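Student: File entry.cif follows (mmCIF, C-alpha atoms):
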data_target
loop_
_atom_site.group_PDB
_atom_site.id
_atom_site.type_symbol
_atom_site.label_atom_id
_atom_site.label_comp_id
_atom_site.auth_asym_id
_atom_site.auth_seq_id
_atom_site.Cartn_x
_atom_site.Cartn_y
_atom_site.Cartn_z
ATOM 1 C CA MET O 291 -15.906 47.579 41.468
ATOM 2 C CA SER O 292 -13.790 47.199 38.363
ATOM 3 C CA HIS O 293 -11.782 44.515 40.158
ATOM 4 C CA ASN O 294 -14.938 42.510 40.843
ATOM 5 C CA ALA O 295 -16.040 42.888 37.254
ATOM 6 C CA ALA O 296 -12.670 41.561 36.102
ATOM 7 C CA VAL O 297 -12.920 38.561 38.431
ATOM 8 C CA LYS O 298 -16.428 37.807 37.200
ATOM 9 C CA HIS O 299 -15.184 38.020 33.650
ATOM 10 C CA ALA O 300 -12.211 35.758 34.425
ATOM 11 C CA GLU O 301 -14.251 32.808 35.715
ATOM 12 C CA PRO O 302 -15.883 31.646 32.468
ATOM 13 C CA ALA O 303 -12.552 32.148 30.674
ATOM 14 C CA THR O 304 -10.800 29.907 33.232
ATOM 15 C CA LYS O 305 -13.409 27.236 32.608
ATOM 16 C CA LEU O 306 -12.884 27.541 28.849
ATOM 17 C CA PHE O 307 -9.104 27.184 29.217
ATOM 18 C CA MET O 308 -9.567 24.153 31.469
ATOM 19 C CA TRP O 309 -11.701 22.552 28.788
ATOM 20 C CA VAL O 310 -9.093 23.284 26.095
ATOM 21 C CA TRP O 311 -6.439 21.722 28.342
ATOM 22 C CA ILE O 312 -8.591 18.607 28.905
ATOM 23 C CA TRP O 313 -9.143 18.245 25.150
ATOM 24 C CA LEU O 314 -5.405 18.607 24.503
ATOM 25 C CA LEU O 315 -4.733 15.836 27.039
ATOM 26 C CA LEU O 316 -7.388 13.595 25.462
ATOM 27 C CA LEU O 317 -5.920 14.101 21.971
ATOM 28 C CA THR O 318 -2.449 13.287 23.358
ATOM 29 C CA ALA O 319 -3.879 10.119 24.912
ATOM 30 C CA GLY O 320 -5.264 9.276 21.454
ATOM 31 C CA GLU O 321 -1.777 9.598 19.984
ATOM 32 C CA VAL O 322 -0.325 7.305 22.652
ATOM 33 C CA VAL O 323 -3.003 4.695 21.890
ATOM 34 C CA LEU O 324 -2.063 4.904 18.189
ATOM 35 C CA GLY O 325 1.569 4.369 19.202
ATOM 36 C CA TYR O 326 0.559 1.251 21.100
ATOM 37 C CA GLU O 327 -1.619 -0.167 18.322
ATOM 38 C CA GLN O 328 0.732 0.595 15.367
ATOM 39 C CA TYR O 329 -0.956 0.939 11.972
ATOM 40 C CA PRO O 330 0.622 1.063 8.475
ATOM 41 C CA VAL O 331 2.928 4.057 8.184
ATOM 42 C CA LYS O 332 0.834 6.219 5.820
ATOM 43 C CA LEU O 333 -2.348 5.739 7.862
ATOM 44 C CA MET O 334 -0.426 6.306 11.086
ATOM 45 C CA LEU O 335 1.148 9.508 9.772
ATOM 46 C CA THR O 336 -2.199 10.832 8.532
ATOM 47 C CA MET O 337 -3.931 10.149 11.841
ATOM 48 C CA LEU O 338 -1.100 11.530 13.983
ATOM 49 C CA MET O 339 -0.710 14.687 11.888
ATOM 50 C CA SER O 340 -4.479 15.294 11.925
ATOM 51 C CA LEU O 341 -4.452 15.072 15.719
ATOM 52 C CA SER O 342 -1.413 17.374 15.915
ATOM 53 C CA VAL O 343 -2.946 19.979 13.629
ATOM 54 C CA ILE O 344 -6.100 19.982 15.780
ATOM 55 C CA LYS O 345 -3.943 20.399 18.897
ATOM 56 C CA ALA O 346 -1.928 23.213 17.293
ATOM 57 C CA GLY O 347 -5.186 24.894 16.284
ATOM 58 C CA LEU O 348 -6.535 24.674 19.832
ATOM 59 C CA ILE O 349 -3.324 26.103 21.291
ATOM 60 C CA MET O 350 -3.169 28.964 18.781
ATOM 61 C CA ALA O 351 -6.870 29.810 18.958
ATOM 62 C CA TYR O 352 -7.313 29.738 22.734
ATOM 63 C CA PHE O 353 -3.975 29.738 24.603
ATOM 64 C CA MET O 354 -2.346 32.141 22.154
ATOM 65 C CA HIS O 355 -5.566 34.101 22.028
ATOM 66 C CA LEU O 356 -5.752 34.250 18.237
ATOM 67 C CA ARG O 357 -9.497 33.612 18.232
ATOM 68 C CA PHE O 358 -10.034 36.829 20.130
ATOM 69 C CA GLU O 359 -7.735 38.979 17.958
ATOM 70 C CA LYS O 360 -8.702 40.900 14.833
ATOM 71 C CA MET O 361 -9.211 38.733 11.768
ATOM 72 C CA LYS O 362 -6.640 40.733 9.811
ATOM 73 C CA LEU O 363 -3.916 39.739 12.283
ATOM 74 C CA VAL O 364 -4.848 36.085 11.786
ATOM 75 C CA LEU O 365 -4.905 36.555 8.004
ATOM 76 C CA THR O 366 -1.465 38.166 8.076
ATOM 77 C CA LEU O 367 0.136 35.405 10.128
ATOM 78 C CA VAL O 368 -1.493 32.055 9.437
ATOM 79 C CA PRO O 369 -1.907 31.794 5.614
ATOM 80 C CA ALA O 370 1.760 32.719 5.038
ATOM 81 C CA LEU O 371 2.833 29.864 7.308
ATOM 82 C CA VAL O 372 0.390 27.403 5.726
ATOM 83 C CA ILE O 373 1.468 28.301 2.166
ATOM 84 C CA ILE O 374 5.155 27.820 2.980
ATOM 85 C CA LEU O 375 4.429 24.499 4.678
ATOM 86 C CA CYS O 376 2.516 23.405 1.557
ATOM 87 C CA LEU O 377 5.537 24.333 -0.574
ATOM 88 C CA PHE O 378 7.765 22.232 1.705
ATOM 89 C CA SER O 379 5.345 19.336 1.325
ATOM 90 C CA ILE O 380 5.300 19.590 -2.484
ATOM 91 C CA PHE O 381 8.995 18.786 -2.408
ATOM 92 C CA PHE O 382 8.842 16.314 0.451
ATOM 93 C CA PHE O 383 5.948 13.975 -0.255
ATOM 94 C CA PRO O 384 6.418 12.858 -3.890
ATOM 95 C CA ASP O 385 9.961 11.704 -3.233
ATOM 96 C CA SER O 386 9.342 10.257 0.203
ATOM 97 C CA LEU O 387 6.212 8.357 -0.855
ATOM 98 C CA ARG O 388 8.129 6.930 -3.824
ATOM 99 C CA LEU O 389 10.821 5.694 -1.457
ATOM 100 C CA LEU O 390 8.143 4.263 0.791
ATOM 101 C CA ASP O 391 6.478 2.395 -2.095
ATOM 102 C CA LEU O 392 9.870 1.028 -3.140
ATOM 103 C CA GLY O 393 9.865 -0.645 0.256
ATOM 104 C CA TRP O 394 12.502 1.546 1.817
ATOM 105 C CA GLY O 395 11.460 3.426 4.901
ATOM 106 C CA ARG O 396 9.036 2.384 7.541
ATOM 107 C CA MET M 516 -7.885 73.253 6.100
ATOM 108 C CA SER M 517 -7.194 72.626 2.422
ATOM 109 C CA ASP M 518 -8.149 69.421 0.649
ATOM 110 C CA ALA M 519 -4.536 68.225 0.588
ATOM 111 C CA GLU M 520 -4.103 68.869 4.297
ATOM 112 C CA ALA M 521 -7.298 66.976 5.032
ATOM 113 C CA LYS M 522 -5.986 64.011 3.031
ATOM 114 C CA VAL M 523 -2.688 64.000 4.970
ATOM 115 C CA GLU M 524 -4.628 64.233 8.225
ATOM 116 C CA ALA M 525 -6.819 61.302 7.223
ATOM 117 C CA LEU M 526 -3.750 59.230 6.334
ATOM 118 C CA ALA M 527 -1.925 59.988 9.566
ATOM 119 C CA THR M 528 -4.864 59.108 11.772
ATOM 120 C CA GLY M 529 -6.182 56.287 9.579
ATOM 121 C CA GLU M 530 -5.692 52.629 10.380
ATOM 122 C CA TRP M 531 -2.889 52.053 7.850
ATOM 123 C CA GLY M 532 -1.390 55.536 8.040
ATOM 124 C CA GLY M 533 0.509 54.980 11.254
ATOM 125 C CA GLY M 534 -2.084 56.827 13.292
ATOM 126 C CA SER M 535 -3.231 53.729 15.134
ATOM 127 C CA PHE M 536 -2.423 50.033 15.478
ATOM 128 C CA PRO M 537 -3.865 48.322 12.406
ATOM 129 C CA TYR M 538 -3.817 44.902 14.060
ATOM 130 C CA ALA M 539 -5.070 46.252 17.380
ATOM 131 C CA VAL M 540 -2.007 44.764 19.097
ATOM 132 C CA GLY M 541 1.110 46.570 20.292
ATOM 133 C CA SER M 542 4.266 46.498 18.200
ATOM 134 C CA LYS M 543 6.035 44.265 20.753
ATOM 135 C CA LYS M 544 3.309 41.662 20.567
ATOM 136 C CA PHE M 545 3.236 41.798 16.779
ATOM 137 C CA GLY M 546 7.021 41.429 16.778
ATOM 138 C CA MET M 547 6.720 38.299 18.899
ATOM 139 C CA TRP M 548 4.153 36.905 16.453
ATOM 140 C CA LEU M 549 6.509 37.489 13.523
ATOM 141 C CA PHE M 550 9.305 35.774 15.455
ATOM 142 C CA ILE M 551 7.007 32.834 16.181
ATOM 143 C CA ILE M 552 6.119 32.418 12.493
ATOM 144 C CA SER M 553 9.792 32.440 11.475
ATOM 145 C CA ASP M 554 10.698 30.058 14.292
ATOM 146 C CA ALA M 555 7.835 27.773 13.262
ATOM 147 C CA LEU M 556 9.459 27.551 9.830
ATOM 148 C CA THR M 557 12.834 26.688 11.405
ATOM 149 C CA PHE M 558 11.252 23.795 13.282
ATOM 150 C CA SER M 559 9.295 22.723 10.187
ATOM 151 C CA VAL M 560 12.534 22.459 8.250
ATOM 152 C CA LEU M 561 14.118 20.385 11.007
ATOM 153 C CA LEU M 562 11.088 18.080 11.160
ATOM 154 C CA ILE M 563 10.984 17.674 7.387
ATOM 155 C CA ALA M 564 14.721 16.978 7.315
ATOM 156 C CA TYR M 565 14.173 14.340 9.992
ATOM 157 C CA GLY M 566 11.331 12.776 7.972
ATOM 158 C CA TYR M 567 13.341 12.830 4.769
ATOM 159 C CA LEU M 568 16.391 11.202 6.334
ATOM 160 C CA ARG M 569 14.172 8.602 7.906
ATOM 161 C CA LEU M 570 12.637 7.617 4.573
ATOM 162 C CA ALA M 571 15.942 7.785 2.711
ATOM 163 C CA ASN M 572 17.556 5.292 5.086
ATOM 164 C CA LYS M 573 16.452 1.667 5.040
ATOM 165 C CA ASN M 574 17.514 0.827 8.573
ATOM 166 C CA TRP M 575 16.214 3.820 10.511
ATOM 167 C CA PRO M 576 16.483 2.984 14.225
ATOM 168 C CA GLU M 577 13.411 2.537 16.386
ATOM 169 C CA PRO M 578 15.048 2.675 19.808
ATOM 170 C CA PHE M 579 12.014 3.756 21.819
ATOM 171 C CA GLU M 580 10.236 1.122 23.865
ATOM 172 C CA PHE M 581 6.596 1.822 24.742
ATOM 173 C CA TYR M 582 7.756 1.691 28.333
ATOM 174 C CA PRO M 583 9.731 3.633 29.517
ATOM 175 C CA SER M 584 10.459 5.922 26.506
ATOM 176 C CA LEU M 585 6.966 6.689 25.232
ATOM 177 C CA VAL M 586 5.518 6.851 28.737
ATOM 178 C CA THR M 587 8.237 9.357 29.715
ATOM 179 C CA ALA M 588 7.581 11.390 26.557
ATOM 180 C CA THR M 589 3.869 11.404 27.419
ATOM 181 C CA VAL M 590 4.636 12.688 30.912
ATOM 182 C CA MET M 591 6.819 15.382 29.302
ATOM 183 C CA THR M 592 3.882 16.333 27.064
ATOM 184 C CA LEU M 593 1.690 16.528 30.165
ATOM 185 C CA CYS M 594 4.271 18.847 31.822
ATOM 186 C CA LEU M 595 4.308 21.219 28.843
ATOM 187 C CA LEU M 596 0.518 21.235 28.357
ATOM 188 C CA SER M 597 -0.047 21.898 32.047
ATOM 189 C CA SER M 598 2.561 24.656 32.049
ATOM 190 C CA SER M 599 0.670 26.259 29.160
ATOM 191 C CA LEU M 600 -2.466 26.210 31.298
ATOM 192 C CA THR M 601 -0.651 27.840 34.237
ATOM 193 C CA MET M 602 0.756 30.438 31.800
ATOM 194 C CA VAL M 603 -2.785 31.309 30.691
ATOM 195 C CA MET M 604 -3.669 31.695 34.380
ATOM 196 C CA ALA M 605 -0.648 34.001 34.864
ATOM 197 C CA VAL M 606 -1.757 36.229 31.980
ATOM 198 C CA ALA M 607 -5.315 36.323 33.347
ATOM 199 C CA ALA M 608 -4.042 37.168 36.851
ATOM 200 C CA ARG M 609 -1.868 39.986 35.494
ATOM 201 C CA GLN M 610 -4.803 41.382 33.521
ATOM 202 C CA ARG M 611 -6.817 41.736 36.720
ATOM 203 C CA GLU M 612 -3.782 43.416 38.365
ATOM 204 C CA ASP M 613 -3.164 40.544 40.796
ATOM 205 C CA ARG M 614 0.644 40.618 40.796
ATOM 206 C CA SER M 615 1.279 38.036 43.534
ATOM 207 C CA ALA M 616 -0.962 35.482 41.805
ATOM 208 C CA THR M 617 0.804 36.263 38.514
ATOM 209 C CA VAL M 618 4.196 35.492 40.055
ATOM 210 C CA LYS M 619 2.882 32.232 41.539
ATOM 211 C CA TRP M 620 1.451 31.080 38.205
ATOM 212 C CA LEU M 621 4.667 32.089 36.426
ATOM 213 C CA LEU M 622 6.693 30.031 38.912
ATOM 214 C CA ALA M 623 4.357 27.075 38.335
ATOM 215 C CA THR M 624 4.935 27.467 34.591
ATOM 216 C CA MET M 625 8.698 27.487 35.152
ATOM 217 C CA ALA M 626 8.380 24.328 37.253
ATOM 218 C CA GLY M 627 6.591 22.608 34.354
ATOM 219 C CA GLY M 628 9.334 23.679 31.965
ATOM 220 C CA LEU M 629 12.092 22.531 34.319
ATOM 221 C CA ALA M 630 10.395 19.154 34.846
ATOM 222 C CA PHE M 631 10.293 18.783 31.058
ATOM 223 C CA LEU M 632 14.000 19.639 30.797
ATOM 224 C CA VAL M 633 15.033 17.187 33.523
ATOM 225 C CA LEU M 634 13.037 14.341 31.949
ATOM 226 C CA HIS M 635 14.344 15.134 28.486
ATOM 227 C CA ALA M 636 17.975 15.395 29.635
ATOM 228 C CA ASN M 637 17.514 12.037 31.328
ATOM 229 C CA GLU M 638 16.254 10.563 28.042
ATOM 230 C CA TRP M 639 19.279 11.974 26.210
ATOM 231 C CA LEU M 640 21.686 10.537 28.784
ATOM 232 C CA LYS M 641 20.019 7.129 28.490
ATOM 233 C CA LEU M 642 20.404 7.144 24.685
ATOM 234 C CA ILE M 643 23.998 8.360 24.920
ATOM 235 C CA GLY M 644 24.693 5.653 27.495
ATOM 236 C CA GLU M 645 23.374 3.047 25.021
ATOM 237 C CA GLY M 646 26.014 4.222 22.546
ATOM 238 C CA MET M 647 24.144 6.809 20.484
ATOM 239 C CA LYS M 648 26.353 9.518 18.967
ATOM 240 C CA PRO M 649 25.610 12.152 16.310
ATOM 241 C CA PHE M 650 27.033 10.048 13.488
ATOM 242 C CA GLN M 651 27.018 6.591 14.947
ATOM 243 C CA ASN M 652 24.604 4.373 16.884
ATOM 244 C CA PRO M 653 24.268 0.671 17.610
ATOM 245 C CA TRP M 654 20.856 0.270 15.887
ATOM 246 C CA GLY M 655 21.133 1.381 12.259
ATOM 247 C CA ALA M 656 21.232 4.541 10.129
ATOM 248 C CA PRO M 657 24.076 6.644 11.557
ATOM 249 C CA LEU M 658 22.344 9.977 10.855
ATOM 250 C CA PHE M 659 19.581 9.163 13.326
ATOM 251 C CA GLY M 660 21.695 10.648 16.125
ATOM 252 C CA ALA M 661 22.433 13.897 14.332
ATOM 253 C CA SER M 662 18.814 14.521 13.313
ATOM 254 C CA PHE M 663 17.412 13.501 16.708
ATOM 255 C CA PHE M 664 19.887 15.571 18.721
ATOM 256 C CA THR M 665 19.484 18.630 16.469
ATOM 257 C CA LEU M 666 15.694 18.566 16.517
ATOM 258 C CA THR M 667 15.151 17.813 20.194
ATOM 259 C CA GLY M 668 18.207 19.858 21.229
ATOM 260 C CA MET M 669 16.849 22.903 19.432
ATOM 261 C CA HIS M 670 13.534 22.395 21.216
ATOM 262 C CA MET M 671 15.230 21.929 24.596
ATOM 263 C CA PHE M 672 17.157 25.148 23.990
ATOM 264 C CA HIS M 673 13.843 26.914 23.371
ATOM 265 C CA VAL M 674 12.380 25.501 26.577
ATOM 266 C CA LEU M 675 15.488 26.567 28.509
ATOM 267 C CA SER M 676 15.328 30.091 27.038
ATOM 268 C CA GLY M 677 11.620 30.160 27.835
ATOM 269 C CA VAL M 678 12.285 29.281 31.492
ATOM 270 C CA GLY M 679 14.784 32.161 31.625
ATOM 271 C CA PHE M 680 12.305 34.502 29.955
ATOM 272 C CA LEU M 681 9.616 33.470 32.462
ATOM 273 C CA GLY M 682 12.056 34.058 35.322
ATOM 274 C CA VAL M 683 12.820 37.593 34.131
ATOM 275 C CA VAL M 684 9.116 38.365 33.747
ATOM 276 C CA ALA M 685 8.373 36.874 37.200
ATOM 277 C CA VAL M 686 11.075 39.001 38.886
ATOM 278 C CA ALA M 687 9.952 42.136 37.044
ATOM 279 C CA THR M 688 6.307 41.480 37.924
ATOM 280 C CA ALA M 689 7.218 41.001 41.583
ATOM 281 C CA ARG M 690 9.035 44.363 41.480
ATOM 282 C CA ALA M 691 5.950 46.053 39.990
ATOM 283 C CA LYS M 692 7.549 46.484 36.572
ATOM 284 C CA PHE M 693 6.354 45.313 33.137
ATOM 285 C CA THR M 694 2.847 45.663 31.748
ATOM 286 C CA SER M 695 0.294 42.923 31.285
ATOM 287 C CA GLU M 696 1.204 42.949 27.581
ATOM 288 C CA ASP M 697 4.755 41.885 28.492
ATOM 289 C CA VAL M 698 3.411 38.905 30.426
ATOM 290 C CA GLU M 699 1.155 38.047 27.495
ATOM 291 C CA ILE M 700 4.094 38.204 25.039
ATOM 292 C CA CYS M 701 6.080 35.846 27.249
ATOM 293 C CA GLY M 702 3.005 33.600 27.232
ATOM 294 C CA LEU M 703 2.874 33.607 23.425
ATOM 295 C CA TYR M 704 6.456 32.367 23.295
ATOM 296 C CA TRP M 705 5.785 29.685 25.897
ATOM 297 C CA HIS M 706 2.681 28.375 24.119
ATOM 298 C CA PHE M 707 4.672 28.241 20.904
ATOM 299 C CA VAL M 708 7.311 26.042 22.539
ATOM 300 C CA ASP M 709 4.477 23.794 23.713
ATOM 301 C CA LEU M 710 2.991 23.771 20.201
ATOM 302 C CA VAL M 711 6.270 22.641 18.617
ATOM 303 C CA TRP M 712 6.429 19.686 20.996
ATOM 304 C CA MET M 713 2.952 18.669 19.763
ATOM 305 C CA PHE M 714 4.656 17.833 16.446
ATOM 306 C CA ILE M 715 7.951 16.433 17.747
ATOM 307 C CA PHE M 716 6.186 14.024 20.116
ATOM 308 C CA PRO M 717 4.198 12.106 17.450
ATOM 309 C CA LEU M 718 6.779 12.320 14.652
ATOM 310 C CA VAL M 719 9.864 11.376 16.634
ATOM 311 C CA TYR M 720 8.502 9.268 19.483
ATOM 312 C CA VAL M 721 5.138 7.750 18.508
ATOM 313 C CA MET M 722 6.316 6.907 14.963
ATOM 314 C CA SER M 723 9.495 5.187 16.206
ATOM 315 C CA ILE M 724 8.281 2.749 18.799
ATOM 316 C CA HIS M 725 10.222 -0.457 18.876
ATOM 317 C CA HIS M 726 8.036 -3.526 18.564
ATOM 318 C CA GLY M 727 10.066 -6.540 19.419
#
Could I get this file's structure written as structure tokens?
Tutor:
Amino acid sequence: MSHNAAVKHAEPATKLFMWVWIWLLLLTAGEVVLGYEQYPVKLMLTMLMSLSVIKAGLIMAYFMHLRFEKMKLVLTLVPALVIILCLFSIFFFPDSLRLLDLGWGR
Amino acid sequence: MSDAEAKVEALATGEWGGGSFPYAVGSKKFGMWLFIISDALTFSVLLIAYGYLRLANKNWPEPFEFYPSLVTATVMTLCLLSSSLTMVMAVAARQREDRSATVKWLLATMAGGLAFLVLHANEWLKLIGEGMKPFQNPWGAPLFGASFFTLTGMHMFHVLSGVGFLGVVAVATARAKFTSEDVEICGLYWHFVDLVWMFIFPLVYVMSIHHG
């Protein structure tokens, strides 16, 4: 009885995970197309990072089950990571964009 | 019971008093989450170092052709994403107490990880064969080798450890040991390894395609 209930419960979840997987593949395909087309570096970086953040969000929310955990677990883990990444970026972007505008990197 | 005793009782059984799990997850799972956050920062530092070196060097190499390098990297991405899906299936199978299905899905996940490793090692050997070394390469900025090998090597090491971890969990599951939480924790680690690749793939491969 309980086994059947678990199986019934598992089916919609399997479908959901399949959909997440398909979306992840589609977003990856989008990145490959961008690689083929090649846009200016800032635009390229913005588009690629946006796609990657969406993919990371999908993986964390569904595959890593964070969407189904208590909100306080999410609030303990995710903001700390985001704040530290923002601090990294504060040091990274001003200097790197200056170098880019000087015509250095590509 | 006195007032003071009632207060102590309320603390001990309360959510933040140690009487229950405040996050509604076991301590092992929470420990894995903390490890993942710290490991995410390690990889962020490596990626930012890679980006910084790239911008600070005028002649950063772009050795990856669309075919075969980017196509191979895409297949590697497919391997990791699919292995994440099979890992989810393993966790689901373990939760409904289907141990044999769990082991099968875990083995499928390991196969995905091993396929990734073989393809990646092949890519490394190709680059090394073309003359790429940590501090020297035939295309340009010498530090390209060091940053590329460190970043992707660290990730490969994580995949390799993950395959070992999956193997241990698979054997234990087959021998009717380990709880479904243990399988889930292994899954968290595996998805994290997949997640890191979602940043390495665009930043290292897609951004460095050689356009002759």
Student: Distance cut-off 8 Å, counting only C-alpha atoms - which residues of chain O neighbour chain M? Return them as number ranges by chain.
Tutor: O: 293, 296-297, 300, 304, 307-308, 311, 314-315, 318, 321-322, 324-326, 334-335, 338-339, 342, 345-346, 349-350, 353-354, 359-360, 362-363, 367, 371, 375, 378, 382, 386, 389-390, 394-396
Student: Write out as a VMD selection string which residues come within 8 Å of M:Gly627 when counting all atoms listed in the file, dropping same-chain ones fewer than 3 positions away.
Tutor: chain M and resid 594 to 595 597 to 598 623 to 624 630 to 631
Student: Can you list, as number ranges by chain, the residues that the PyMOL selection byres ((chain M and resi 638) around 12) selects here?
Tutor: M: 578-580, 583-588, 591, 631-637, 639-645, 647, 663-664, 667-668, 671, 720
Student: Using the selection just defined, write its residues with C-alpha atoms as a compact mmCIF listing (two decimals), in the coordinates of the input.
Tutor:
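Generated file (again.txt):
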# COMPACT_ATOMS: atom_id res chain seq x y z
CA PRO M 578 15.05 2.68 19.81
CA PHE M 579 12.01 3.76 21.82
CA GLU M 580 10.24 1.12 23.86
CA PRO M 583 9.73 3.63 29.52
CA SER M 584 10.46 5.92 26.51
CA LEU M 585 6.97 6.69 25.23
CA VAL M 586 5.52 6.85 28.74
CA THR M 587 8.24 9.36 29.72
CA ALA M 588 7.58 11.39 26.56
CA MET M 591 6.82 15.38 29.30
CA PHE M 631 10.29 18.78 31.06
CA LEU M 632 14.00 19.64 30.80
CA VAL M 633 15.03 17.19 33.52
CA LEU M 634 13.04 14.34 31.95
CA HIS M 635 14.34 15.13 28.49
CA ALA M 636 17.98 15.40 29.64
CA ASN M 637 17.51 12.04 31.33
CA TRP M 639 19.28 11.97 26.21
CA LEU M 640 21.69 10.54 28.78
CA LYS M 641 20.02 7.13 28.49
CA LEU M 642 20.40 7.14 24.68
CA ILE M 643 24.00 8.36 24.92
CA GLY M 644 24.69 5.65 27.50
CA GLU M 645 23.37 3.05 25.02
CA MET M 647 24.14 6.81 20.48
CA PHE M 663 17.41 13.50 16.71
CA PHE M 664 19.89 15.57 18.72
CA THR M 667 15.15 17.81 20.19
CA GLY M 668 18.21 19.86 21.23
CA MET M 671 15.23 21.93 24.60
CA TYR M 720 8.50 9.27 19.48
Student: Select, from M:Ala626, M:Lys544, M:Phe558, M:Phe693, the residue with the minimum atom-to-atom distance to M:Val678, counting only C-alpha atoms.
Tutor: M:Ala626
Student: Just give me the gap between atom CA of M:Lys619 and atom CA of M:Thr694 in Å, one decimal is fine.
Tutor: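 It comes out at 16.6 Å.
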Student: Quick check on the file I pasted: which residues fall under the PyMOL selection byres ((chain M and resi 688) around 10)? Write them as a PDB file with C-alpha atoms, keeping the file's coordinate frame.
Tutor:
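The new file part_18.pdb reads:
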ATOM      1  CA  ARG M 609      -1.868  39.986  35.494  1.00  0.00           C
ATOM      2  CA  ASP M 613      -3.164  40.544  40.796  1.00  0.00           C
ATOM      3  CA  ARG M 614       0.644  40.618  40.796  1.00  0.00           C
ATOM      4  CA  SER M 615       1.279  38.036  43.534  1.00  0.00           C
ATOM      5  CA  THR M 617       0.804  36.263  38.514  1.00  0.00           C
ATOM      6  CA  VAL M 618       4.196  35.492  40.055  1.00  0.00           C
ATOM      7  CA  LEU M 621       4.667  32.089  36.426  1.00  0.00           C
ATOM      8  CA  GLY M 682      12.056  34.058  35.322  1.00  0.00           C
ATOM      9  CA  VAL M 683      12.820  37.593  34.131  1.00  0.00           C
ATOM     10  CA  VAL M 684       9.116  38.365  33.747  1.00  0.00           C
ATOM     11  CA  ALA M 685       8.373  36.874  37.200  1.00  0.00           C
ATOM     12  CA  VAL M 686      11.075  39.001  38.886  1.00  0.00           C
ATOM     13  CA  ALA M 687       9.952  42.136  37.044  1.00  0.00           C
ATOM     14  CA  ALA M 689       7.218  41.001  41.583  1.00  0.00           C
ATOM     15  CA  ARG M 690       9.035  44.363  41.480  1.00  0.00           C
ATOM     16  CA  ALA M 691       5.950  46.053  39.990  1.00  0.00           C
ATOM     17  CA  LYS M 692       7.549  46.484  36.572  1.00  0.00           C
ATOM     18  CA  PHE M 693       6.354  45.313  33.137  1.00  0.00           C
ATOM     19  CA  THR M 694       2.847  45.663  31.748  1.00  0.00           C
ATOM     20  CA  SER M 695       0.294  42.923  31.285  1.00  0.00           C
ATOM     21  CA  ASP M 697       4.755  41.885  28.492  1.00  0.00           C
ATOM     22  CA  VAL M 698       3.411  38.905  30.426  1.00  0.00           C
TER      23      VAL M 698
END
Student: Could you work out how far atom CA of M:Gly546 lies from atom CA of M:Glu696, giving the answer in Å with one decimal?
Tutor: 12.4 Å
Student: Kindly give the distance, in Å, that separates atom CA of M:Val719 and atom CA of M:His670, rounded to a single decimal.
Tutor: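 Computing it gives 12.5 Å between the two atoms.
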